[in-house]
>>> print(open('target.tsv').read())   # TSV, C-alpha atoms (C1' of nucleotides)
chain	number	residue	atom	x	y	z
A	679	MET	CA	-48.02	-44.26	88.89
A	680	GLY	CA	-44.58	-42.88	88.09
A	681	THR	CA	-44.37	-40.99	91.35
A	682	SER	CA	-42.86	-43.12	94.07
A	683	ILE	CA	-43.56	-41.43	97.37
A	684	LYS	CA	-40.28	-41.92	99.18
A	685	LYS	CA	-38.99	-39.40	101.68
A	686	ILE	CA	-36.02	-37.33	100.66
A	687	SER	CA	-33.19	-36.31	102.99
A	688	SER	CA	-32.36	-32.76	104.08
A	689	ASN	CA	-29.22	-32.95	102.01
A	690	MET	CA	-31.09	-33.88	98.87
A	691	GLU	CA	-33.54	-31.08	99.55
A	692	ASP	CA	-30.59	-28.73	99.67
A	693	TYR	CA	-29.39	-29.92	96.28
A	694	LEU	CA	-32.80	-29.45	94.73
A	695	GLU	CA	-33.05	-26.00	96.25
A	696	ALA	CA	-29.65	-25.04	94.90
A	697	ILE	CA	-30.49	-26.29	91.43
A	698	ALA	CA	-33.73	-24.32	91.40
A	699	LEU	CA	-31.94	-21.21	92.58
A	700	LEU	CA	-29.28	-21.49	89.89
A	701	GLN	CA	-31.85	-22.04	87.21
A	702	LYS	CA	-33.65	-18.94	88.32
A	703	GLU	CA	-30.52	-16.81	88.70
A	704	LYS	CA	-28.30	-18.00	85.87
A	705	GLY	CA	-30.66	-19.90	83.62
A	706	ILE	CA	-28.77	-23.16	84.01
A	707	ALA	CA	-27.46	-25.31	86.83
A	708	ARG	CA	-23.98	-26.80	86.51
A	709	VAL	CA	-22.13	-29.15	88.82
A	710	SER	CA	-19.49	-26.60	89.82
A	711	ASP	CA	-22.02	-23.93	90.66
A	712	ILE	CA	-24.04	-26.31	92.77
A	713	GLY	CA	-20.86	-27.27	94.58
A	714	ARG	CA	-19.89	-23.67	95.14
A	715	LEU	CA	-23.33	-22.82	96.47
A	716	LEU	CA	-23.50	-25.75	98.86
A	717	GLN	CA	-19.83	-25.67	99.78
A	718	VAL	CA	-19.10	-29.20	98.69
A	719	LYS	CA	-16.64	-30.59	96.15
A	720	LYS	CA	-17.67	-31.60	92.68
A	721	PRO	CA	-17.59	-35.36	93.23
A	722	SER	CA	-20.09	-34.92	96.04
A	723	VAL	CA	-22.37	-33.12	93.64
A	724	THR	CA	-22.05	-35.83	91.02
A	725	ALA	CA	-22.92	-38.43	93.62
A	726	ALA	CA	-25.93	-36.47	94.82
A	727	LEU	CA	-27.15	-35.94	91.27
A	728	SER	CA	-27.00	-39.63	90.66
A	729	THR	CA	-29.24	-40.19	93.68
A	730	LEU	CA	-31.68	-37.48	92.63
A	731	ALA	CA	-31.83	-38.81	89.08
A	732	LYS	CA	-32.68	-42.29	90.36
A	733	SER	CA	-35.56	-40.73	92.29
A	734	ASN	CA	-36.74	-38.96	89.15
A	735	LEU	CA	-36.29	-35.53	90.66
A	736	ILE	CA	-33.78	-34.31	88.08
A	737	LEU	CA	-32.68	-35.04	84.54
A	738	HIS	CA	-28.95	-35.31	84.07
A	739	GLU	CA	-26.84	-36.70	81.24
A	740	ARG	CA	-23.10	-37.22	81.70
A	741	TYR	CA	-21.16	-33.97	81.38
A	742	ARG	CA	-24.32	-31.99	80.78
A	743	ILE	CA	-26.29	-29.47	82.78
A	744	VAL	CA	-28.95	-30.37	85.31
A	745	GLU	CA	-32.69	-29.97	84.92
A	746	LEU	CA	-35.43	-30.43	87.46
A	747	THR	CA	-38.37	-32.70	86.73
A	748	LYS	CA	-41.89	-31.59	87.60
A	749	GLU	CA	-41.64	-33.41	90.90
A	750	GLY	CA	-38.20	-31.97	91.54
A	751	GLN	CA	-39.51	-28.48	90.92
A	752	ARG	CA	-42.38	-29.10	93.25
A	753	ILE	CA	-40.13	-30.19	96.09
A	754	ALA	CA	-37.63	-27.39	95.49
A	755	GLY	CA	-40.49	-24.92	95.55
A	756	ASP	CA	-41.83	-26.29	98.80
A	757	VAL	CA	-38.44	-26.06	100.45
A	758	GLN	CA	-38.04	-22.50	99.20
A	759	GLU	CA	-41.42	-21.53	100.54
A	760	ARG	CA	-40.62	-22.97	103.93
A	761	HIS	CA	-37.31	-21.16	103.91
A	762	ASP	CA	-38.85	-17.84	103.01
A	763	MET	CA	-41.56	-18.13	105.60
A	764	VAL	CA	-39.18	-19.02	108.39
A	765	PHE	CA	-36.83	-16.26	107.31
A	766	LYS	CA	-39.65	-13.76	107.30
A	767	PHE	CA	-40.60	-14.73	110.81
A	768	LEU	CA	-37.05	-14.60	112.12
A	769	SER	CA	-36.08	-11.37	110.50
A	770	GLY	CA	-39.39	-9.56	110.29
A	771	ILE	CA	-40.85	-10.42	113.65
A	772	LEU	CA	-38.02	-11.58	115.89
A	773	GLU	CA	-35.72	-8.93	114.38
A	774	ILE	CA	-32.84	-11.33	113.88
A	775	ASP	CA	-30.00	-10.10	111.70
A	776	GLU	CA	-30.15	-11.25	108.11
A	777	LYS	CA	-27.13	-13.52	108.18
A	778	THR	CA	-28.23	-15.44	111.26
A	779	ALA	CA	-31.82	-15.57	110.06
A	780	GLN	CA	-30.73	-17.04	106.75
A	781	ALA	CA	-28.50	-19.60	108.42
A	782	ASP	CA	-31.22	-20.71	110.81
A	783	ALA	CA	-33.85	-20.75	108.08
A	784	CYS	CA	-31.59	-23.02	106.02
A	785	LYS	CA	-31.76	-25.64	108.72
A	786	ILE	CA	-35.30	-25.14	109.95
A	787	GLU	CA	-36.69	-25.34	106.41
A	788	HIS	CA	-36.06	-29.09	106.56
A	789	SER	CA	-37.75	-29.56	109.89
A	790	ILE	CA	-41.21	-28.12	109.76
A	791	SER	CA	-44.34	-30.10	109.13
A	792	PRO	CA	-47.04	-28.99	106.71
A	793	ILE	CA	-49.20	-28.00	109.66
A	794	THR	CA	-46.53	-25.78	111.13
A	795	PHE	CA	-45.86	-24.24	107.75
A	796	ASP	CA	-49.53	-23.50	107.36
A	797	ARG	CA	-49.83	-21.87	110.78
A	798	LEU	CA	-46.66	-19.88	110.40
A	799	THR	CA	-47.92	-18.64	107.06
A	800	LYS	CA	-51.18	-17.58	108.61
A	801	PHE	CA	-49.39	-15.93	111.49
A	802	ILE	CA	-47.24	-13.87	109.18
A	803	HIS	CA	-50.23	-13.02	107.06
A	804	PHE	CA	-52.05	-11.93	110.18
A	805	VAL	CA	-49.16	-9.70	111.14
A	806	GLU	CA	-48.69	-8.27	107.68
A	807	ILE	CA	-52.27	-7.22	107.37
A	808	GLY	CA	-52.00	-5.66	110.78
A	809	LEU	CA	-54.82	-3.63	112.08
A	810	ASN	CA	-54.96	-1.02	109.39
A	811	GLY	CA	-52.55	-2.23	106.79
A	812	GLY	CA	-49.47	-1.19	108.73
A	813	SER	CA	-47.67	-3.36	111.23
A	814	PRO	CA	-49.79	-3.76	114.32
A	815	GLN	CA	-49.29	-1.94	117.56
A	816	TRP	CA	-48.27	-5.00	119.51
A	817	LEU	CA	-45.44	-5.74	117.10
A	818	LYS	CA	-44.11	-2.24	117.47
A	819	SER	CA	-44.43	-2.69	121.17
A	820	PHE	CA	-42.52	-5.97	121.02
A	821	LYS	CA	-39.74	-4.39	119.02
A	822	HIS	CA	-39.48	-1.63	121.53
A	823	TYR	CA	-39.31	-4.26	124.23
A	824	LEU	CA	-36.44	-5.92	122.39
A	825	LYS	CA	-34.50	-2.68	122.29
A	826	THR	CA	-35.11	-1.46	125.80
A	827	GLY	CA	-36.05	-4.58	127.70
A	828	LYS	CA	-39.10	-2.71	128.87
A	829	ARG	CA	-42.72	-2.95	128.04
A	830	LEU	CA	-44.51	0.20	127.20
A	831	SER	CA	-47.36	1.26	129.37
A	832	CYS	CA	-50.41	2.44	127.48
A	833	LYS	CA	-49.53	6.05	127.78
A	834	MET	CA	-45.91	5.71	126.84
A	835	ARG	CA	-46.73	4.14	123.55
A	836	GLN	CA	-47.46	6.94	121.18
A	837	VAL	CA	-44.42	8.81	122.33
A	838	ALA	CA	-41.87	6.05	122.27
A	839	LEU	CA	-42.97	4.57	119.01
A	840	ASP	CA	-42.36	7.65	117.01
A	841	LYS	CA	-38.62	7.15	117.33
A	842	ASN	CA	-39.02	3.77	115.74
B	458	MET	CA	-8.46	-26.34	129.92
B	459	GLY	CA	-10.22	-29.70	130.04
B	460	THR	CA	-13.09	-28.48	127.93
B	461	SER	CA	-12.45	-28.99	124.23
B	462	ILE	CA	-14.93	-26.90	122.29
B	463	LYS	CA	-15.88	-29.22	119.48
B	464	LYS	CA	-19.31	-29.15	117.93
B	465	ILE	CA	-21.62	-32.02	118.68
B	466	SER	CA	-24.03	-33.60	116.20
B	467	SER	CA	-27.82	-33.50	116.40
B	468	ASN	CA	-27.80	-37.19	117.14
B	469	MET	CA	-25.43	-36.81	120.04
B	470	GLU	CA	-27.57	-33.98	121.35
B	471	ASP	CA	-30.51	-36.37	121.27
B	472	TYR	CA	-28.64	-38.93	123.32
B	473	LEU	CA	-27.68	-36.34	125.93
B	474	GLU	CA	-31.24	-35.13	126.06
B	475	ALA	CA	-32.54	-38.65	126.53
B	476	ILE	CA	-30.06	-39.38	129.29
B	477	ALA	CA	-31.00	-36.20	131.13
B	478	LEU	CA	-34.68	-37.01	130.79
B	479	LEU	CA	-34.23	-40.53	132.15
B	480	GLN	CA	-32.18	-39.29	135.05
B	481	LYS	CA	-34.92	-36.86	135.90
B	482	GLU	CA	-37.78	-39.31	135.43
B	483	LYS	CA	-36.34	-42.58	136.69
B	484	GLY	CA	-33.28	-41.53	138.61
B	485	ILE	CA	-30.92	-43.49	136.39
B	486	ALA	CA	-30.22	-43.82	132.67
B	487	ARG	CA	-29.63	-47.29	131.25
B	488	VAL	CA	-28.73	-48.37	127.76
B	489	SER	CA	-32.06	-50.10	127.09
B	490	ASP	CA	-34.10	-47.16	128.22
B	491	ILE	CA	-32.12	-44.77	126.09
B	492	GLY	CA	-32.66	-47.06	123.14
B	493	ARG	CA	-36.36	-47.33	123.79
B	494	LEU	CA	-36.69	-43.57	124.07
B	495	LEU	CA	-34.76	-42.81	120.90
B	496	GLN	CA	-36.08	-45.79	118.98
B	497	VAL	CA	-32.68	-47.30	118.27
B	498	LYS	CA	-31.21	-50.68	119.14
B	499	LYS	CA	-28.88	-51.22	122.05
B	500	PRO	CA	-25.66	-51.51	120.08
B	501	SER	CA	-26.35	-48.07	118.61
B	502	VAL	CA	-26.64	-46.71	122.11
B	503	THR	CA	-23.40	-48.34	123.19
B	504	ALA	CA	-21.65	-46.82	120.18
B	505	ALA	CA	-23.05	-43.38	120.89
B	506	LEU	CA	-22.09	-43.59	124.55
B	507	SER	CA	-18.55	-44.39	123.56
B	508	THR	CA	-18.46	-41.24	121.43
B	509	LEU	CA	-19.96	-39.11	124.18
B	510	ALA	CA	-17.56	-40.50	126.75
B	511	LYS	CA	-14.60	-39.63	124.53
B	512	SER	CA	-15.90	-36.07	124.40
B	513	ASN	CA	-16.18	-36.02	128.19
B	514	LEU	CA	-19.91	-35.44	128.11
B	515	ILE	CA	-20.83	-38.59	130.01
B	516	LEU	CA	-19.27	-41.06	132.43
B	517	HIS	CA	-19.82	-44.68	131.54
B	518	GLU	CA	-18.16	-47.86	132.75
B	519	ARG	CA	-18.82	-51.15	130.99
B	520	TYR	CA	-22.15	-52.67	131.95
B	521	ARG	CA	-22.94	-49.80	134.25
B	522	ILE	CA	-25.41	-46.94	134.17
B	523	VAL	CA	-24.74	-43.64	132.46
B	524	GLU	CA	-24.00	-40.33	134.14
B	525	LEU	CA	-23.72	-36.89	132.63
B	526	THR	CA	-20.67	-34.75	133.27
B	527	LYS	CA	-21.06	-31.07	134.07
B	528	GLU	CA	-20.55	-30.21	130.43
B	529	GLY	CA	-22.95	-32.96	129.37
B	530	GLN	CA	-25.56	-31.60	131.72
B	531	ARG	CA	-25.06	-28.13	130.38
B	532	ILE	CA	-25.57	-29.21	126.79
B	533	ALA	CA	-28.54	-31.41	127.63
B	534	GLY	CA	-30.09	-28.49	129.46
B	535	ASP	CA	-29.56	-26.17	126.53
B	536	VAL	CA	-31.18	-28.58	124.13
B	537	GLN	CA	-34.10	-29.04	126.50
B	538	GLU	CA	-34.54	-25.29	126.82
B	539	ARG	CA	-34.55	-24.85	123.07
B	540	HIS	CA	-37.04	-27.67	122.74
B	541	ASP	CA	-39.37	-26.25	125.34
B	542	MET	CA	-39.24	-22.78	123.89
B	543	VAL	CA	-39.96	-23.93	120.37
B	544	PHE	CA	-42.72	-26.18	121.64
B	545	LYS	CA	-44.25	-23.33	123.56
B	546	PHE	CA	-44.27	-21.18	120.47
B	547	LEU	CA	-45.73	-23.86	118.24
B	548	SER	CA	-48.41	-25.01	120.60
B	549	GLY	CA	-49.11	-21.87	122.59
B	550	ILE	CA	-49.05	-19.32	119.82
B	551	LEU	CA	-49.48	-21.13	116.54
B	552	GLU	CA	-51.98	-23.52	118.15
B	553	ILE	CA	-50.39	-26.61	116.68
B	554	ASP	CA	-51.53	-29.93	118.12
B	555	GLU	CA	-49.29	-31.38	120.78
B	556	LYS	CA	-48.03	-34.35	118.82
B	557	THR	CA	-47.00	-32.34	115.79
B	558	ALA	CA	-45.56	-29.57	117.92
B	559	GLN	CA	-43.43	-32.06	119.83
B	560	ALA	CA	-42.22	-33.71	116.65
B	561	ASP	CA	-41.28	-30.42	115.04
B	562	ALA	CA	-39.66	-29.14	118.21
B	563	CYS	CA	-37.53	-32.27	118.37
B	564	LYS	CA	-35.98	-31.35	115.05
B	565	ILE	CA	-35.91	-27.58	115.34
B	566	GLU	CA	-34.22	-27.76	118.74
B	567	HIS	CA	-31.02	-28.70	116.91
B	568	SER	CA	-31.24	-25.88	114.42
B	569	ILE	CA	-31.62	-22.63	116.23
B	570	SER	CA	-28.79	-20.27	117.00
B	571	PRO	CA	-28.31	-18.63	120.38
B	572	ILE	CA	-29.62	-15.38	118.95
B	573	THR	CA	-32.80	-16.95	117.70
B	574	PHE	CA	-33.27	-18.73	121.00
B	575	ASP	CA	-32.87	-15.46	122.82
B	576	ARG	CA	-35.39	-13.64	120.65
B	577	LEU	CA	-37.89	-16.43	120.73
B	578	THR	CA	-37.62	-16.48	124.51
B	579	LYS	CA	-38.24	-12.77	124.66
B	580	PHE	CA	-41.13	-13.05	122.27
B	581	ILE	CA	-42.82	-15.69	124.36
B	582	HIS	CA	-42.12	-13.74	127.50
B	583	PHE	CA	-43.64	-10.70	125.86
B	584	VAL	CA	-46.72	-12.68	124.98
B	585	GLU	CA	-47.02	-14.34	128.36
B	586	ILE	CA	-46.91	-11.10	130.23
B	587	GLY	CA	-49.53	-9.77	127.89
B	588	LEU	CA	-51.08	-6.44	128.53
B	589	ASN	CA	-52.63	-7.17	131.89
B	590	GLY	CA	-51.27	-10.53	132.83
B	591	GLY	CA	-53.60	-12.44	130.55
B	592	SER	CA	-52.90	-13.27	126.95
B	593	PRO	CA	-52.98	-10.15	124.83
B	594	GLN	CA	-55.82	-9.08	122.65
B	595	TRP	CA	-53.94	-9.57	119.42
B	596	LEU	CA	-53.22	-13.21	120.25
B	597	LYS	CA	-56.87	-13.87	120.90
B	598	SER	CA	-57.58	-12.15	117.67
B	599	PHE	CA	-55.06	-14.33	115.87
B	600	LYS	CA	-56.56	-17.47	117.30
B	601	HIS	CA	-59.96	-16.37	116.17
B	602	TYR	CA	-58.49	-15.74	112.76
B	603	LEU	CA	-57.15	-19.28	112.72
B	604	LYS	CA	-60.57	-20.70	113.47
B	605	THR	CA	-62.65	-18.58	111.18
B	606	GLY	CA	-60.20	-17.31	108.61
B	607	LYS	CA	-61.49	-13.87	109.37
B	608	ARG	CA	-60.04	-10.92	111.18
B	609	LEU	CA	-62.18	-9.25	113.75
B	610	SER	CA	-63.13	-5.68	113.27
B	611	CYS	CA	-62.74	-3.56	116.35
B	612	LYS	CA	-66.38	-3.83	117.26
B	613	MET	CA	-66.70	-7.54	116.70
B	614	ARG	CA	-63.99	-8.29	119.18
B	615	GLN	CA	-65.60	-8.33	122.56
B	616	VAL	CA	-68.48	-10.36	121.31
B	617	ALA	CA	-66.60	-13.02	119.43
B	618	LEU	CA	-63.90	-13.53	121.98
B	619	ASP	CA	-66.26	-14.53	124.72
B	620	LYS	CA	-66.92	-17.85	123.01
B	621	ASN	CA	-63.26	-18.59	123.23
C	1455	DT	C1'	-7.90	-26.65	64.60
C	1456	DA	C1'	-5.02	-27.82	68.24
C	1457	DA	C1'	-3.50	-26.75	72.72
C	1458	DA	C1'	-4.80	-24.83	77.16
C	1459	DT	C1'	-8.31	-24.40	80.46
C	1460	DA	C1'	-12.55	-25.33	82.65
C	1461	DT	C1'	-15.69	-28.57	83.92
C	1462	DG	C1'	-17.36	-33.25	85.14
C	1463	DT	C1'	-16.65	-38.21	86.52
C	1464	DT	C1'	-14.61	-42.43	88.61
C	1465	DA	C1'	-12.30	-44.95	92.03
C	1466	DG	C1'	-11.36	-45.56	96.49
C	1467	DA	C1'	-11.20	-44.07	101.29
C	1468	DC	C1'	-13.26	-42.05	105.40
C	1469	DT	C1'	-16.84	-40.74	109.09
C	1470	DC	C1'	-21.19	-41.15	111.23
C	1471	DA	C1'	-24.97	-43.61	112.61
C	1472	DT	C1'	-27.34	-47.44	112.23
C	1473	DC	C1'	-28.36	-52.61	112.10
C	1474	DT	C1'	-28.14	-58.06	113.21
C	1475	DA	C1'	-26.08	-62.01	115.32
C	1476	DA	C1'	-23.37	-63.72	118.73
C	1477	DC	C1'	-21.40	-63.23	123.07
C	1478	DA	C1'	-20.65	-61.36	128.07
C	1479	DT	C1'	-22.07	-59.66	132.35
C	1480	DA	C1'	-25.28	-58.51	135.85
C	1481	DT	C1'	-29.68	-59.17	138.39
C	1482	DA	C1'	-33.47	-61.64	140.02
C	1483	DC	C1'	-35.49	-65.88	141.53
C	1484	DT	C1'	-36.03	-70.40	143.25
D	524	DA	C1'	-25.72	-70.55	145.55
D	525	DG	C1'	-26.74	-71.43	141.00
D	526	DT	C1'	-29.60	-70.97	137.17
D	527	DA	C1'	-32.76	-68.12	134.25
D	528	DT	C1'	-33.58	-63.67	132.57
D	529	DA	C1'	-32.33	-58.79	131.93
D	530	DT	C1'	-29.25	-56.03	130.17
D	531	DG	C1'	-24.99	-54.61	127.80
D	532	DT	C1'	-21.08	-55.26	124.41
D	533	DT	C1'	-18.41	-56.83	120.32
D	534	DA	C1'	-17.86	-57.88	115.64
D	535	DG	C1'	-18.97	-57.05	111.24
D	536	DA	C1'	-22.07	-55.13	107.58
D	537	DT	C1'	-24.71	-51.35	105.51
D	538	DG	C1'	-26.04	-46.72	103.66
D	539	DA	C1'	-25.55	-41.78	103.32
D	540	DG	C1'	-22.60	-38.19	102.45
D	541	DT	C1'	-18.29	-36.45	102.08
D	542	DC	C1'	-13.31	-36.16	100.50
D	543	DT	C1'	-8.75	-36.52	97.36
D	544	DA	C1'	-6.33	-38.03	93.38
D	545	DA	C1'	-6.53	-39.32	88.88
D	546	DC	C1'	-8.85	-39.31	84.69
D	547	DA	C1'	-12.31	-37.82	80.87
D	548	DT	C1'	-14.89	-34.64	78.32
D	549	DA	C1'	-16.14	-30.05	76.84
D	550	DT	C1'	-15.15	-25.28	75.94
D	551	DT	C1'	-12.27	-21.46	75.00
D	552	DT	C1'	-8.74	-19.26	72.70
D	553	DA	C1'	-4.50	-18.49	70.24
>>> encode(input="target.tsv", output="structure tokens")
Amino acid sequence: MGTSIKKISSNMEDYLEAIALLQKEKGIARVSDIGRLLQVKKPSVTAALSTLAKSNLILHERYRIVELTKEGQRIAGDVQERHDMVFKFLSGILEIDEKTAQADACKIEHSISPITFDRLTKFIHFVEIGLNGGSPQWLKSFKHYLKTGKRLSCKMRQVALDKN
Amino acid sequence: MGTSIKKISSNMEDYLEAIALLQKEKGIARVSDIGRLLQVKKPSVTAALSTLAKSNLILHERYRIVELTKEGQRIAGDVQERHDMVFKFLSGILEIDEKTAQADACKIEHSISPITFDRLTKFIHFVEIGLNGGSPQWLKSFKHYLKTGKRLSCKMRQVALDKN
DNA sequence: TAAATATGTTAGACTCATCTAACATATACT
DNA sequence: AGTATATGTTAGATGAGTCTAACATATTTA
């Protein structure tokens, strides 16, 4: 089998993610753009690419643009999915501001197991469906709790939630 | 001020956490025990301790046991709190098995911002209080959804949830 | 097309965290 | 007390990831 199953570091995941993003946004991924995106200098990118190429996750000829292999795409996609799910949870449920949520998601995306990803996905799905297609009552109640520090009693609910 | 505000690495956070745990569990923290706990060899521990001592997070004399400074205690406590909160969320809400939840929490504990910690805390508090002291209906409903893949209609609820 | 500019690479150094092998100190036991 | 065993440290190497300075190639443009 061509696919050696060795674990890849968080940093390398970041590079793959950046490459995928650039390909999607600009069509191609170049060393400088990767560096700009990840806030590292070009030689660091070159070094990383060399590592990724050895692991058959990218294709890269000297002085040329970078391409993801099938396996590279797969990993980049997985990381993206984890990122998006965590971000959705942080911003959509915990009501964390976008910047912070993105920053945290960028780190947490490297730390969650397949099981946790699966459950988080289901949780978000559960919330999104809600009771009748809208966001469920309890979530509204939680968001009110975040704003006021107070739970709503049953009767208060209808009233208070209209402002939201 | 004696307190220099430099950021500490995930690894150093782990060492502080381990030291705090050992102090709590066994009264004292020794190099070997720290190594055993973190799965690293003794010289790695010695090296780490030297770093932590330079940052005034621990007190350590050659060949003696390790003590946390005030600041060291504070950081260790923060990491612990983050760990516990994440673990609670993963195991108590997402129903992830203990081993996986612990493993994930051990990584995520280094990645969440104060804001996220705050919101997660409030979320768990919100859930724990529930509607009437018990766990809220929606959580039971979510857990049922995890088991069966199906949402409960309003009428199904009482029936199905008794088995749980 | 030839020079100017943008982009990419190499070489070499640094930090962090780890290891093994060899050595030093402390503790426990007879 | 003096030796055997636990425990801790030093020295030196390694690997990952980063940097700067200098160089090489490609691309743009006059």
>>> residues_around(input="target.tsv", residues="segment 717-721 of chain A", least_positions_apart="2", cutoff="12 Å", atoms="all atoms listed in the file", output="mmCIF file with C-alpha atoms (C1' of nucleotides), keeping the file's coordinate frame")
data_model
loop_
_atom_site.group_PDB
_atom_site.id
_atom_site.type_symbol
_atom_site.label_atom_id
_atom_site.label_comp_id
_atom_site.auth_asym_id
_atom_site.auth_seq_id
_atom_site.Cartn_x
_atom_site.Cartn_y
_atom_site.Cartn_z
ATOM 1 C CA ASN A 689 -29.220 -32.950 102.010
ATOM 2 C CA ASP A 692 -30.590 -28.730 99.670
ATOM 3 C CA TYR A 693 -29.390 -29.920 96.280
ATOM 4 C CA ALA A 696 -29.650 -25.040 94.900
ATOM 5 C CA ARG A 708 -23.980 -26.800 86.510
ATOM 6 C CA VAL A 709 -22.130 -29.150 88.820
ATOM 7 C CA SER A 710 -19.490 -26.600 89.820
ATOM 8 C CA ASP A 711 -22.020 -23.930 90.660
ATOM 9 C CA ILE A 712 -24.040 -26.310 92.770
ATOM 10 C CA GLY A 713 -20.860 -27.270 94.580
ATOM 11 C CA ARG A 714 -19.890 -23.670 95.140
ATOM 12 C CA LEU A 715 -23.330 -22.820 96.470
ATOM 13 C CA VAL A 723 -22.370 -33.120 93.640
ATOM 14 C CA THR A 724 -22.050 -35.830 91.020
ATOM 15 C CA ALA A 725 -22.920 -38.430 93.620
ATOM 16 C CA ALA A 726 -25.930 -36.470 94.820
ATOM 17 C CA LEU A 727 -27.150 -35.940 91.270
ATOM 18 C CA SER A 728 -27.000 -39.630 90.660
ATOM 19 C "C1'" DT C 1461 -15.690 -28.570 83.920
ATOM 20 C "C1'" DG C 1462 -17.360 -33.250 85.140
ATOM 21 C "C1'" DT C 1463 -16.650 -38.210 86.520
ATOM 22 C "C1'" DT C 1464 -14.610 -42.430 88.610
ATOM 23 C "C1'" DA C 1465 -12.300 -44.950 92.030
ATOM 24 C "C1'" DG D 540 -22.600 -38.190 102.450
ATOM 25 C "C1'" DT D 541 -18.290 -36.450 102.080
ATOM 26 C "C1'" DC D 542 -13.310 -36.160 100.500
ATOM 27 C "C1'" DT D 543 -8.750 -36.520 97.360
ATOM 28 C "C1'" DA D 544 -6.330 -38.030 93.380
#
>>> closest_residue(input="target.tsv", among="B:Glu555, B:Glu518, B:Glu524, B:Asp541", to="chain A", atoms="all atoms listed in the file")
B:Glu555
>>> residues_around(input="target.tsv", residues="DC1483 of chain C", least_positions_apart="2", cutoff="10 Å", atoms="all atoms listed in the file", output="list in words")
DT1481 of chain C; DT526, DA527 and DT528 of chain D
>>> residues_near_point(input="target.tsv", point="(-29.4, -32.4, 107.3)", cutoff="8 Å", atoms="only C-alpha atoms (C1' of nucleotides)", output="PDB file with C-alpha atoms, in the frame of the given file")
ATOM      1  CA  SER A 687     -33.190 -36.310 102.990  1.00  0.00           C
ATOM      2  CA  SER A 688     -32.360 -32.760 104.080  1.00  0.00           C
ATOM      3  CA  ASN A 689     -29.220 -32.950 102.010  1.00  0.00           C
ATOM      4  CA  LYS A 785     -31.760 -25.640 108.720  1.00  0.00           C
ATOM      5  CA  HIS A 788     -36.060 -29.090 106.560  1.00  0.00           C
TER       6      HIS A 788
END
>>> atom_distance(input="target.tsv", atom1="atom CA of Glu787 of chain A", atom2="atom CA of Val757 of chain A")
6.3 Å
>>> interface_residues(input="target.tsv", of="chain B", to="chain A", cutoff="6 Å", atoms="all atoms listed in the file", output="PyMOL selection string")
chain B and resi 551+561+564-565+568-569+576
>>> closest_residue(input="target.tsv", among="B:His601, B:Arg519, B:Lys464, B:Lys556", to="chain C", atoms="all atoms listed in the file")
B:Arg519
>>> interface_residues(input="target.tsv", of="chain C", to="chain B", cutoff="9 Å", atoms="all atoms listed in the file", output="list in words")
DA1471, DT1472, DC1473, DT1479 and DA1480 of chain C
>>> build_atoms(input="target.tsv", residues="segment 510-521 of chain B", atoms="N, CA and C atoms", output="JSON list (two decimals), keeping the file's coordinate frame")
[["chain", "number", "residue", "atom", "x", "y", "z"],
["B", 510, "ALA", "N", -18.54, -40.36, 125.68],
["B", 510, "ALA", "CA", -17.56, -40.50, 126.75],
["B", 510, "ALA", "C", -16.22, -39.92, 126.31],
["B", 511, "LYS", "N", -15.85, -40.17, 125.06],
["B", 511, "LYS", "CA", -14.60, -39.63, 124.53],
["B", 511, "LYS", "C", -14.60, -38.11, 124.53],
["B", 512, "SER", "N", -15.78, -37.53, 124.38],
["B", 512, "SER", "CA", -15.90, -36.07, 124.40],
["B", 512, "SER", "C", -16.12, -35.53, 125.81],
["B", 513, "ASN", "N", -16.00, -36.42, 126.78],
["B", 513, "ASN", "CA", -16.18, -36.02, 128.19],
["B", 513, "ASN", "C", -17.55, -35.42, 128.49],
["B", 514, "LEU", "N", -18.56, -35.95, 127.84],
["B", 514, "LEU", "CA", -19.91, -35.44, 128.11],
["B", 514, "LEU", "C", -20.68, -36.39, 129.01],
["B", 515, "ILE", "N", -20.21, -37.63, 129.08],
["B", 515, "ILE", "CA", -20.83, -38.59, 130.01],
["B", 515, "ILE", "C", -19.74, -39.41, 130.69],
["B", 516, "LEU", "N", -20.13, -40.08, 131.77],
["B", 516, "LEU", "CA", -19.27, -41.06, 132.43],
["B", 516, "LEU", "C", -19.97, -42.41, 132.25],
["B", 517, "HIS", "N", -19.21, -43.38, 131.80],
["B", 517, "HIS", "CA", -19.82, -44.68, 131.54],
["B", 517, "HIS", "C", -18.81, -45.80, 131.65],
["B", 518, "GLU", "N", -19.01, -46.67, 132.64],
["B", 518, "GLU", "CA", -18.16, -47.86, 132.75],
["B", 518, "GLU", "C", -18.93, -49.04, 132.19],
["B", 519, "ARG", "N", -18.21, -49.95, 131.60],
["B", 519, "ARG", "CA", -18.82, -51.15, 130.99],
["B", 519, "ARG", "C", -19.88, -51.76, 131.88],
["B", 520, "TYR", "N", -21.02, -52.00, 131.29],
["B", 520, "TYR", "CA", -22.15, -52.67, 131.95],
["B", 520, "TYR", "C", -22.79, -51.86, 133.07],
["B", 521, "ARG", "N", -22.39, -50.62, 133.17],
["B", 521, "ARG", "CA", -22.94, -49.80, 134.25],
["B", 521, "ARG", "C", -23.87, -48.72, 133.71]]
